[in-house]
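Below: the structure, in structure tokens.
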Amino acid sequence: MNADAKRIVRKCRRFAVRLKEHKNVECIDEPTIEIVLCNVGQATGFTKTELQDIILEKLPNVNLSKYIAEKGESHSFAIFGSIEHSKLFFDTYNGKATQNGIIIYMSYVTKVPSDETIYITDLPSELHILHDFISIEEEIQFLKLFDWVDECNLKNRNVKHYGFEFRYGTNDVDLKAPLENKIPEECSILWERLKEKGLIVNIPDQLTVNKYEPGQGIPSHVDKHSPFGNTIISLSLGSTIVMDWRHHSGSYIPIVVPRRSMLIMQGEARYDWQHGIQPRTWDPVIQERTENGARVRVATSDTVERATRVSLTFRETRQGPCECRYETLCDSRTSETDVAAQLEELHVHQVYEKIACHFSKTRHKPWPKVVEFMSQVQPGSVVLDLGAGNGKNILNRSDIIQIAGERSEGLLWECLGHVRDIPTAQCVRLDLLHAGLRALCADVVICVAVVHHFCSQKRRQQAIATIARVLRSGGKALVTVWAKDQTNSNYICRSGHSDQTVTTVGGLNLPVHENRTQFKHNDVLVPWKCRKVANEKLGDDEGTFLRYYHVFEEGELDSLCESEGLAVDRSFYEEGNWCVICTKP
Amino acid sequence: MKLITHNMLTSKCLKGVVTGYPLAISATNIKVTEVDFNPDFIVRIIPKIDWEVFWKAADSIGHSDGLPQTVESKLHDNNDFLKKVHRVLLEVEIDEGHLTCPESGRQFPITKGIPNMLLTEAENKFAMLLKSANDLYHEVFAPMPRQI
């Protein structure tokens, strides 16, 4: 052994003693696949890339399988695929200078620290994952049956429905509108196989097929309680993924859902836990172990790439309020407010998104009463148009600030096209009930044909409260709503005979208004018909959409404004609308 | 989104947020478009602005140069000053980026110049629930390095 080699051995011995005493790292002479790098680590800024570069320089065929650098430590660990590789690395680089002039000293070890996350949470009760539920051949058959070429119709994934269409937004199904496509016969083997395994489930009547490309996921959610029964089953095809399960108590557990497995959720798992999939192209490798006598799940730092996954989620539809024992996530324990919010989602927000383009084409002139009101607005004023729609009431004035607040994305794009050329006009996407506007910021508010779309008295009042909140003292507002009395309007041209009703969210029964007739009820669904020319993009809905309206009685809007502390200056009827001009004291 | 709009936005609408104002700006694309200068209009608009918030916002996107931290009425006759306000208020626009709630860290995206202040249904309903899930997400997944 020459002097140089002796020096290296001496150095290594010294490091070994220090590591054993202070860091509990046992260095050995016998080669293993794990090597401790004694004088480089996270604290010295040594990275995996740097190590890989060093290896690549002289040993291009040696594979580094892992590099572990603990926080704050000036030593680190390199793990190789075989002893042959680790030995090559050791013999080539121990005591040799790197490109940066650092001499790395190393030693073999038998133990490396953990870079893993341990989860001790028990699996959700009544969650079963049956591995290899179908064979490889059956998986191919199912993929053939359900895989399809289709443009992406949901933001992050492809989806197809059988039995009943799943309504996003309200997260339920319309039991009165079953689909022609029933659950394919080929799925029957699944129920039979469950039965053989002693799991009796009712035969599902609704199927949602989701296709997830690598990188796509689904946000954490609970399948809405009331529209579906106690059992939800899901068959995974094409790719294994990790599904995250979260309980409202704070418990969290990542669970591997293998391809060709059947996942069955009932009871607590179905009603009290939320599940979701991270939008990633890879998943951590999850191992199950026993530590200190307890079964634990360990998310290792190893990863596996995802492939395209198709999931078949089978549900059994049901009617009436949910009867589960798990209140927290139950929609049947939620209040009237939620029904109103769902009704607005389905019959206001979603409709406006669908008709935005056509709606905008038929509404381009500002309403004369708005122009009259706005002509009184002093230069230098800040004007908020809340529920601005396509921005038709935003005037071409550059001596005032005009901010168009609108909830519908479709209408807002129309609006942007209109206000783009007005340098003092701006668009903001907001909701009148939770408007992100600071108090007392506006001199003037206009709110034209908006408040009649809120489904409860409380919510209409909340909308007016927003107006009152953002107005400065002395500020003025113009609010208009549709009137129940259409006697003196151009709208009426015939008398109505129809008594059609529609059952919608929350089992609510609402009359469908016959266009161009007198209103018979205060809370109605008004059809919007898109003419063929304008609706090239509309598909199967035949171009008719039902919009919810609460049509106002005389004086109703005045009392709403007064109850929120606004002083009514003027109240008038114009073309089938009730209008109020009010001042904030 | 011009800074006049930023001056009026808040995330107080989020559950548990007390003031939510001012929102922090992260801009990935800032546009500057020339707009006709109207000194009378600027003089009228200045008292409507929360000046401190306006100045800090301008500073955070690198446009506070020459803009005084406090505003005095004698400046109203100063044409250079008014021009500077005009520029930062009406000509500078955040085209892409996001706004961040100073209390919760919730981000509101700005797309094609439009800030999206909509809350999700879940934020209205299960605000607390989501918070804990989010915390977990960050604890569990954020520090995990992507292995090669």
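Each chain in the structure tokens gets a letter, A, B and so on, in the order shown; residues start at 1 in every chain, and ligands are counted from 1 in the order they appear.
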
Just list as number ranges by chain whatever in segment 130-255 of chain A DSSP marks as strand (DSSP E or B).
A: 130, 158-162, 164-167, 172-178, 206-212, 218-221, 228-237, 241-247, 252-255

What are the residues of chain B that have an atom within 7 Å of an atom of chain A, counting only C-alpha atoms, as JSON, numbers by chain?
{"B": [1, 8, 9, 10, 11, 12, 13, 35, 41, 44, 45, 90, 114, 115, 116, 117, 118, 129, 132, 147]}

Can you measure atom CA of Val92 of chain B to atom CA of Ala57 of chain B for me? One decimal in Å is fine.
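Result for atom CA of Val92 of chain B versus atom CA of Ala57 of chain B: 11.4 Å, one decimal.
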
With a distance cut-off of 10 Å and only C-alpha atoms, select the neighbouring residues of Pro68 of chain B, excluding the residue or stretch itself and same-chain residues fewer than 6 positions from it, and output the selection as a list in words.
Trp51, Glu52, Trp55, Leu75, Phe81, Lys84 and Val85 of chain B

Nearest to Asp4 of chain A: which of A:Pro258, A:Pro124, A:Pro214, A:Gly95 is it, counting only C-alpha atoms?
A:Gly95

Could you list, as a list in words, every residue within 7 Å of Ile129 of chain A, counting only C-alpha atoms and ignoring same-chain residues fewer than 2 positions away?
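Those residues are Leu127, His131, Ser261, Met262, Leu263 and Ile264 of chain A.
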